[in-house]
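J.: My structure is below; once you've seen it, I'll send some questions.
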Amino acid sequence: MKNVTDYTQSNRAAWDASAASHEGGERWQRLLAGFAQPGFSTLDSTATSALQRAGIEGGRVVQVGCNLGSEVLSCHALGAAACWGIDISPEFLRLAERLNQQAGRPAHFIFHHKVETTGFKPVSFSRAILAAVGAGQRRQCTVFGVGSEAGGLSVLCDSREPTYFSRWLFSEADVYALPSHVPRDFDIALITIGVVNWMPDLPAFFRALGGLLVAGGRLVMYETHPFLEMFEPTGATPFAPTRSYFRAQPDVLGEAHIYDGSAAAAAPPSYWFAYTLGEVVTASVQAGFALRELREHPHCNREAEYRQYEHQNAQMPLCFTLLADWPGDKEVRHPK
Ligand SMILES: C[S@@+](CC[C@H](N)C(=O)[O-])C[C@H]1O[C@@H](n2cnc3c(N)ncnc32)[C@H](O)[C@@H]1O
């Protein structure tokens, strides 16, 4: 039985191994061309409308599991005052920074470069800092802080100069291990397609999201519907449910994560957790969120092979949006 950290480390390795295949294809070229244009957004009308209902205009948005950053950048196009992306995969964040450059660098993507040390001997400490600064330079980002954490040094690298230097930006990109100096003043926490299922601990995930928000902040979730987990779209009988809605063990995947249906290369094992809709909603409420709305939708928001489930007479739900308020007890607010 793995713990959350073990699962996350494996998942990080698999996502890192997947990044190269997302660079250079037709979708990547479309994103590069798109973000060179002001106002470009990849968010569909459902996500756009959910963010607008949550009051994105002028707000500070953080997306957890931002992947290659296209949605963080799109939030900027929707009028967000500040957009931040968190992800465990430095390789995907490298792609995010590339798109950020195309868009004129409106967003913050935070690289976490953790250097393992054997104690804090002066020699390992200085080597670690040099390694971290080198990593920052390779990624063309600014290294602006070094701190100690259990197991090593935490090096803070931001992809652009911080607006308020006195405020620490993220040093850790794992939602389960956000250190104390991470800002807690976001107005909106955004979760989109295919993030929840990488989370080994749902209650802790929602508590972490709440911890990122100001009192009165909002969670906006636009996820794939758990009902889809019962079907295998590329199997022999794609419309016959073949897997339990209530299965408890994660799927162990051994391939790179590709969205376009092309052949995926082998990758380190990664762990996909199927949750019921009830588990998702209950975990959010028990973490302290006040549910505003839960909408189920008949359109597909995931890979192309799932589009066959659209436009059926007996239509099943294919995705959902969840909006919830974080009552919280924090008064922190920075100028926008
Ligand atoms: C399917 S992708 C999200 C794609 C995104 N919805 C989009 O359309 O661009 C899932 C992302 O979650 C990230 N992730 C997984 N576990 C995480 C964790 N513990 N903390 C932060 N990010 C995580 C992965 O690295 C991956 O980039």
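Chain labels A, B, ... are given in the sequence in which chains occur in the structure tokens; within each chain residues are numbered consecutively from 1, and ligands are likewise numbered from 1 in the order shown.
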Compile the contact shell of A:Ser284 as a PyMOL selection string: residues with an atom at most 8 Å away, counting only C-alpha atoms, same-chain residues fewer than 5 positions apart removed.

T.: chain A and resi 203+206-207+289

J.: Would you name the residues within 9 Å of ligand 1, counting only C-alpha atoms and all ligand atoms, and put them as a VMD selection string?

T.: chain A and resid 4 to 5 7 to 9 11 to 16 19 42 to 43 64 to 72 86 to 93 172 to 177 191 to 200 205 222 to 223 257 259 302

J.: Print the selection's residues with N, CA and C atoms to a file, as a compact mmCIF listing (two decimals), in the first residue's frame.

T.:
```
# COMPACT_ATOMS: atom_id res chain seq x y z
N VAL A 4 0.40 8.83 0.14
CA VAL A 4 0.12 9.92 -0.80
C VAL A 4 1.40 10.37 -1.50
N THR A 5 2.48 10.47 -0.74
CA THR A 5 3.75 10.94 -1.33
C THR A 5 4.25 9.96 -2.38
N TYR A 7 2.48 7.84 -4.20
CA TYR A 7 1.63 7.95 -5.39
C TYR A 7 2.00 9.21 -6.18
N THR A 8 2.18 10.31 -5.46
CA THR A 8 2.44 11.58 -6.14
C THR A 8 3.78 11.54 -6.87
N GLN A 9 4.78 10.94 -6.24
CA GLN A 9 6.09 10.86 -6.91
C GLN A 9 6.00 10.03 -8.18
N ASN A 11 3.32 9.54 -9.97
CA ASN A 11 2.53 10.29 -10.96
C ASN A 11 3.36 11.41 -11.58
N ARG A 12 4.17 12.05 -10.77
CA ARG A 12 5.03 13.12 -11.30
C ARG A 12 5.97 12.56 -12.38
N ALA A 13 6.56 11.40 -12.10
CA ALA A 13 7.50 10.82 -13.07
C ALA A 13 6.77 10.50 -14.38
N ALA A 14 5.53 9.99 -14.25
CA ALA A 14 4.77 9.65 -15.47
C ALA A 14 4.40 10.91 -16.25
N TRP A 15 4.00 11.97 -15.53
CA TRP A 15 3.64 13.21 -16.23
C TRP A 15 4.88 13.84 -16.87
N ASP A 16 5.98 13.82 -16.15
CA ASP A 16 7.22 14.36 -16.75
C ASP A 16 7.57 13.60 -18.03
N ALA A 19 5.55 14.78 -21.13
CA ALA A 19 5.54 16.17 -21.60
C ALA A 19 6.05 16.33 -23.02
N THR A 42 -8.59 28.91 -24.29
CA THR A 42 -8.92 27.53 -24.65
C THR A 42 -10.10 27.01 -23.82
N LEU A 43 -10.61 27.85 -22.94
CA LEU A 43 -11.72 27.40 -22.09
C LEU A 43 -13.01 27.36 -22.91
N VAL A 64 -4.86 24.44 -9.79
CA VAL A 64 -4.05 23.31 -9.31
C VAL A 64 -4.13 22.20 -10.35
N GLY A 65 -2.96 21.69 -10.75
CA GLY A 65 -2.92 20.70 -11.83
C GLY A 65 -3.03 21.42 -13.17
N CYS A 66 -2.23 22.49 -13.32
CA CYS A 66 -2.41 23.37 -14.50
C CYS A 66 -1.81 22.79 -15.77
N ASN A 67 -1.00 21.70 -15.64
CA ASN A 67 -0.46 21.04 -16.81
C ASN A 67 0.33 22.03 -17.66
N LEU A 68 0.05 22.15 -18.96
CA LEU A 68 0.88 23.06 -19.75
C LEU A 68 0.37 24.51 -19.76
N GLY A 69 -0.52 24.81 -18.84
CA GLY A 69 -0.81 26.21 -18.52
C GLY A 69 -1.80 26.92 -19.41
N SER A 70 -2.38 26.22 -20.39
CA SER A 70 -3.24 26.94 -21.33
C SER A 70 -4.46 27.54 -20.63
N GLU A 71 -4.95 26.87 -19.59
CA GLU A 71 -6.16 27.40 -18.93
C GLU A 71 -5.82 28.54 -17.98
N VAL A 72 -4.63 28.49 -17.37
CA VAL A 72 -4.20 29.61 -16.54
C VAL A 72 -4.12 30.86 -17.40
N ILE A 86 -0.16 25.80 -10.56
CA ILE A 86 0.58 24.84 -9.75
C ILE A 86 0.52 23.49 -10.44
N ASP A 87 1.62 22.82 -10.51
CA ASP A 87 1.61 21.46 -11.03
C ASP A 87 2.82 20.72 -10.46
N ILE A 88 2.70 19.40 -10.37
CA ILE A 88 3.86 18.64 -9.88
C ILE A 88 4.90 18.43 -10.96
N SER A 89 4.55 18.63 -12.21
CA SER A 89 5.46 18.24 -13.29
C SER A 89 6.28 19.41 -13.81
N PRO A 90 7.57 19.48 -13.49
CA PRO A 90 8.39 20.58 -14.02
C PRO A 90 8.46 20.55 -15.54
N GLU A 91 8.35 19.38 -16.12
CA GLU A 91 8.43 19.30 -17.59
C GLU A 91 7.20 19.95 -18.24
N PHE A 92 6.03 19.79 -17.63
CA PHE A 92 4.86 20.48 -18.17
C PHE A 92 4.93 21.98 -17.90
N LEU A 93 5.49 22.34 -16.75
CA LEU A 93 5.63 23.77 -16.45
C LEU A 93 6.60 24.44 -17.41
N GLU A 172 6.46 25.05 -3.76
CA GLU A 172 6.19 23.62 -3.84
C GLU A 172 4.99 23.43 -4.74
N ALA A 173 5.10 22.55 -5.66
CA ALA A 173 4.04 22.44 -6.64
C ALA A 173 3.14 21.24 -6.40
N ASP A 174 3.37 20.53 -5.30
CA ASP A 174 2.49 19.41 -4.97
C ASP A 174 1.40 19.94 -4.04
N VAL A 175 0.16 19.79 -4.47
CA VAL A 175 -0.94 20.36 -3.69
C VAL A 175 -0.98 19.77 -2.28
N TYR A 176 -0.44 18.58 -2.09
CA TYR A 176 -0.46 17.96 -0.76
C TYR A 176 0.68 18.46 0.13
N ALA A 177 1.58 19.23 -0.41
CA ALA A 177 2.75 19.61 0.38
C ALA A 177 3.08 21.09 0.19
N ILE A 191 -10.12 23.89 -10.80
CA ILE A 191 -9.76 22.49 -11.05
C ILE A 191 -10.45 22.08 -12.34
N THR A 192 -9.71 21.59 -13.30
CA THR A 192 -10.37 21.17 -14.54
C THR A 192 -10.02 19.73 -14.87
N ILE A 193 -10.51 19.36 -16.00
CA ILE A 193 -10.53 18.01 -16.55
C ILE A 193 -9.34 17.13 -16.18
N GLY A 194 -9.63 16.05 -15.49
CA GLY A 194 -8.62 15.03 -15.24
C GLY A 194 -7.63 15.37 -14.16
N VAL A 195 -8.05 16.13 -13.17
CA VAL A 195 -7.15 16.41 -12.04
C VAL A 195 -7.55 15.60 -10.82
N VAL A 196 -8.85 15.61 -10.52
CA VAL A 196 -9.32 14.93 -9.30
C VAL A 196 -8.84 13.47 -9.25
N ASN A 197 -8.83 12.82 -10.40
CA ASN A 197 -8.51 11.38 -10.39
C ASN A 197 -7.03 11.07 -10.15
N TRP A 198 -6.20 12.10 -10.13
CA TRP A 198 -4.79 11.87 -9.77
C TRP A 198 -4.56 12.08 -8.29
N MET A 199 -5.62 12.37 -7.56
CA MET A 199 -5.47 12.70 -6.14
C MET A 199 -5.73 11.46 -5.28
N PRO A 200 -4.71 10.99 -4.57
CA PRO A 200 -4.89 9.78 -3.76
C PRO A 200 -5.74 10.03 -2.51
N PHE A 205 -7.14 16.86 -0.39
CA PHE A 205 -7.09 17.69 -1.59
C PHE A 205 -8.00 18.91 -1.42
N TYR A 222 -14.45 21.87 -13.03
CA TYR A 222 -15.06 21.44 -14.30
C TYR A 222 -14.39 20.12 -14.64
N GLU A 223 -15.03 19.05 -14.25
CA GLU A 223 -14.38 17.74 -14.33
C GLU A 223 -15.16 16.78 -15.23
N HIS A 257 0.79 9.98 -20.88
CA HIS A 257 -0.55 10.55 -20.94
C HIS A 257 -0.65 11.46 -22.16
N TYR A 259 -3.38 13.01 -25.16
CA TYR A 259 -4.82 13.28 -25.31
C TYR A 259 -5.36 12.99 -26.71
N ARG A 302 -13.55 15.37 -22.47
CA ARG A 302 -12.26 14.68 -22.39
C ARG A 302 -11.81 14.15 -23.75
```

J.: When distances are computed from only C-alpha atoms, which of A:Val252, A:Lys2, A:Gln101, A:Ile258 shows the smallest separation from A:Arg27?

T.: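 Ranked by minimum distance to A:Arg27, first place goes to A:Ile258.
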
J.: Between atom CA of A:His311 and atom CA of A:Ser49, what is the distance in Å, rounded to a tenth?

T.: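 Taking atom CA of A:His311 as the start and atom CA of A:Ser49 as the end point, the length is 21.7 Å.
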
J.: Would you list, as a JSON list (two decimals) with N, CA and C atoms, in the first residue's frame, the residues of stretch 229-277 of chain A that end up in strand (DSSP E) under DSSP run on this structure's backbone?

T.:
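File produced: states.json:
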```json
[["chain", "number", "residue", "atom", "x", "y", "z"],
["A", 251, "ASP", "N", -6.47, 2.53, -10.78],
["A", 251, "ASP", "CA", -5.92, 1.91, -11.99],
["A", 251, "ASP", "C", -4.44, 2.22, -12.01],
["A", 252, "VAL", "N", -3.64, 1.23, -12.38],
["A", 252, "VAL", "CA", -2.20, 1.46, -12.53],
["A", 252, "VAL", "C", -1.92, 1.54, -14.02],
["A", 253, "LEU", "N", -1.48, 2.71, -14.46],
["A", 253, "LEU", "CA", -1.24, 2.93, -15.89],
["A", 253, "LEU", "C", 0.25, 2.91, -16.16],
["A", 254, "GLY", "N", 0.63, 2.40, -17.31],
["A", 254, "GLY", "CA", 2.06, 2.29, -17.61],
["A", 254, "GLY", "C", 2.46, 3.03, -18.87],
["A", 255, "GLU", "N", 1.60, 3.94, -19.30],
["A", 255, "GLU", "CA", 1.87, 4.64, -20.56],
["A", 255, "GLU", "C", 1.87, 6.15, -20.35],
["A", 266, "ALA", "N", 5.79, 3.89, -23.40],
["A", 266, "ALA", "CA", 5.79, 3.40, -22.02],
["A", 266, "ALA", "C", 6.26, 4.52, -21.10],
["A", 267, "ALA", "N", 5.73, 4.54, -19.88],
["A", 267, "ALA", "CA", 6.10, 5.56, -18.89],
["A", 267, "ALA", "C", 6.10, 4.90, -17.52],
["A", 268, "PRO", "N", 6.71, 5.55, -16.53],
["A", 268, "PRO", "CA", 6.65, 5.00, -15.17],
["A", 268, "PRO", "C", 5.20, 4.82, -14.73],
["A", 269, "PRO", "N", 4.93, 3.90, -13.80],
["A", 269, "PRO", "CA", 3.54, 3.66, -13.39],
["A", 269, "PRO", "C", 2.90, 4.91, -12.79],
["A", 270, "SER", "N", 1.64, 5.13, -13.14],
["A", 270, "SER", "CA", 0.91, 6.24, -12.54],
["A", 270, "SER", "C", -0.43, 5.70, -12.05],
["A", 271, "TYR", "N", -1.05, 6.44, -11.13],
["A", 271, "TYR", "CA", -2.19, 5.91, -10.37],
["A", 271, "TYR", "C", -3.39, 6.81, -10.52],
["A", 272, "TRP", "N", -4.46, 6.25, -11.07],
["A", 272, "TRP", "CA", -5.69, 6.97, -11.39],
["A", 272, "TRP", "C", -6.78, 6.47, -10.45]]
```

J.: Stretch 35-90 of chain A near stretch 212-215 of chain A within 12 Å: what's each residue's closest atom pair and its distance in Å to one decimal, counting only C-alpha atoms, ordered by chain then ascending residue number, as CSV?

T.:
```
residue,atom,partner,partner_atom,distance
A:Gly59,CA,A:Val214,CA,11.1
A:Arg60,CA,A:Leu213,CA,9.5
A:Val61,CA,A:Leu213,CA,9.3
A:Val62,CA,A:Leu212,CA,8.1
A:Gln63,CA,A:Leu212,CA,10.3
A:Val64,CA,A:Leu212,CA,10.1
A:Trp84,CA,A:Leu212,CA,11.4
A:Ile86,CA,A:Leu212,CA,11.4
```

J.: One decimal, Å: what's the distance from atom CA of A:Thr234 over to atom CA of A:Tyr309, could you say?

T.: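 Distance reported for this atom pair: 11.9 Å.
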
J.: Please extract the residues of stretch 163-282 of chain A with a backbone DSSP assignment of helix (DSSP H, G or I) and present them as a PDB file with C-alpha atoms, in the first residue's frame.

T.:
```pdb
ATOM      1  CA  VAL A 175      -0.939  20.357  -3.692  1.00  0.00           C
ATOM      2  CA  TYR A 176      -0.461  17.965  -0.760  1.00  0.00           C
ATOM      3  CA  ALA A 177       2.751  19.612   0.384  1.00  0.00           C
ATOM      4  CA  VAL A 196      -9.320  14.929  -9.298  1.00  0.00           C
ATOM      5  CA  ASN A 197      -8.510  11.383 -10.389  1.00  0.00           C
ATOM      6  CA  TRP A 198      -4.786  11.874  -9.766  1.00  0.00           C
ATOM      7  CA  LEU A 202      -9.739  13.469  -1.716  1.00  0.00           C
ATOM      8  CA  PRO A 203     -10.498  15.103   1.679  1.00  0.00           C
ATOM      9  CA  ALA A 204      -6.904  16.377   1.979  1.00  0.00           C
ATOM     10  CA  PHE A 205      -7.093  17.691  -1.592  1.00  0.00           C
ATOM     11  CA  PHE A 206     -10.164  19.817  -0.826  1.00  0.00           C
ATOM     12  CA  ARG A 207      -8.685  21.029   2.453  1.00  0.00           C
ATOM     13  CA  ALA A 208      -5.595  22.161   0.534  1.00  0.00           C
ATOM     14  CA  LEU A 209      -7.785  23.995  -1.992  1.00  0.00           C
ATOM     15  CA  GLY A 210      -9.684  25.745   0.788  1.00  0.00           C
ATOM     16  CA  GLY A 211      -6.375  26.722   2.328  1.00  0.00           C
ATOM     17  CA  PRO A 226     -17.363   9.737 -12.731  1.00  0.00           C
ATOM     18  CA  PHE A 227     -20.066   7.744 -14.543  1.00  0.00           C
ATOM     19  CA  LEU A 228     -17.677   7.521 -17.521  1.00  0.00           C
ATOM     20  CA  GLU A 229     -15.344   5.446 -15.392  1.00  0.00           C
ATOM     21  CA  MET A 230     -17.687   2.493 -15.976  1.00  0.00           C
ATOM     22  CA  LEU A 277     -19.803  11.981  -7.644  1.00  0.00           C
ATOM     23  CA  GLY A 278     -21.068  11.551  -4.091  1.00  0.00           C
ATOM     24  CA  GLU A 279     -17.517  11.121  -2.801  1.00  0.00           C
ATOM     25  CA  VAL A 280     -16.359  14.262  -4.604  1.00  0.00           C
ATOM     26  CA  VAL A 281     -19.214  16.432  -3.336  1.00  0.00           C
ATOM     27  CA  THR A 282     -19.079  15.013   0.191  1.00  0.00           C
TER      28      THR A 282
END
```

J.: Tell me, in Å to one decimal, how far atom CA of A:Asp260 is from atom CA of A:Arg247.

T.: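 A separation of 26.7 Å between them.
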
J.: Using only C-alpha atoms, which residues sit within 12 Å of A:Gly58 once same-chain residues fewer than 2 positions away are excluded, as a list of chain:residue names?

T.: A:Leu51, A:Gln52, A:Ala54, A:Gly55, A:Ile56, A:Arg60, A:Val61, A:Cys75, A:His76, A:Ala77, A:Leu78, A:Gly79, A:Ala80, A:Ala81, A:Ala82, A:Cys83, A:Phe186, A:Asp187, A:Ile188, A:Pro335, A:Lys336

J.: Between A:Arg53, A:Arg98, A:Arg307, A:His297, single out the one closest to A:Leu219, counting only C-alpha atoms.

T.: A:Arg53

J.: For A:Gln37, which residue among A:Cys300, A:Ala290, A:Leu99, A:Ala17 is the nearest when counting only C-alpha atoms?

T.: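 Closest residue, counting only C-alpha atoms: A:Leu99.
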
J.: Taking only C-alpha atoms into account, name the residue in A:Thr276, A:Ser262, A:Gln308, A:Ser74 that is nearest to A:Tyr245.

T.: A:Thr276

J.: Give me, as a PDB file with C-alpha atoms, in the first residue's frame, all polymer residues having an atom no more than 7 Å from A:Pro317, counting only C-alpha atoms and skipping those fewer than 6 positions away in the same chain.

T.:
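Contents of out-v1.pdb, as written:
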```pdb
ATOM      1  CA  HIS A 225     -18.188  12.725 -14.954  1.00  0.00           C
ATOM      2  CA  GLU A 296     -24.163  17.739 -14.857  1.00  0.00           C
ATOM      3  CA  HIS A 297     -23.692  18.182 -18.587  1.00  0.00           C
ATOM      4  CA  PRO A 298     -24.316  15.968 -21.634  1.00  0.00           C
TER       5      PRO A 298
END
```

J.: With distances taken over only C-alpha atoms, which residue among A:Ala304, A:Val285, A:Ala314, A:Leu178 lies nearest A:Pro233?

T.: A:Ala304

J.: Point out the residue among A:Ala265, A:Ala103, A:Ala189, A:Ala287 with the least atom-to-atom distance to A:Ala33, counting only C-alpha atoms.

T.: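 Using only C-alpha atoms, A:Ala33 sits closest to A:Ala103.
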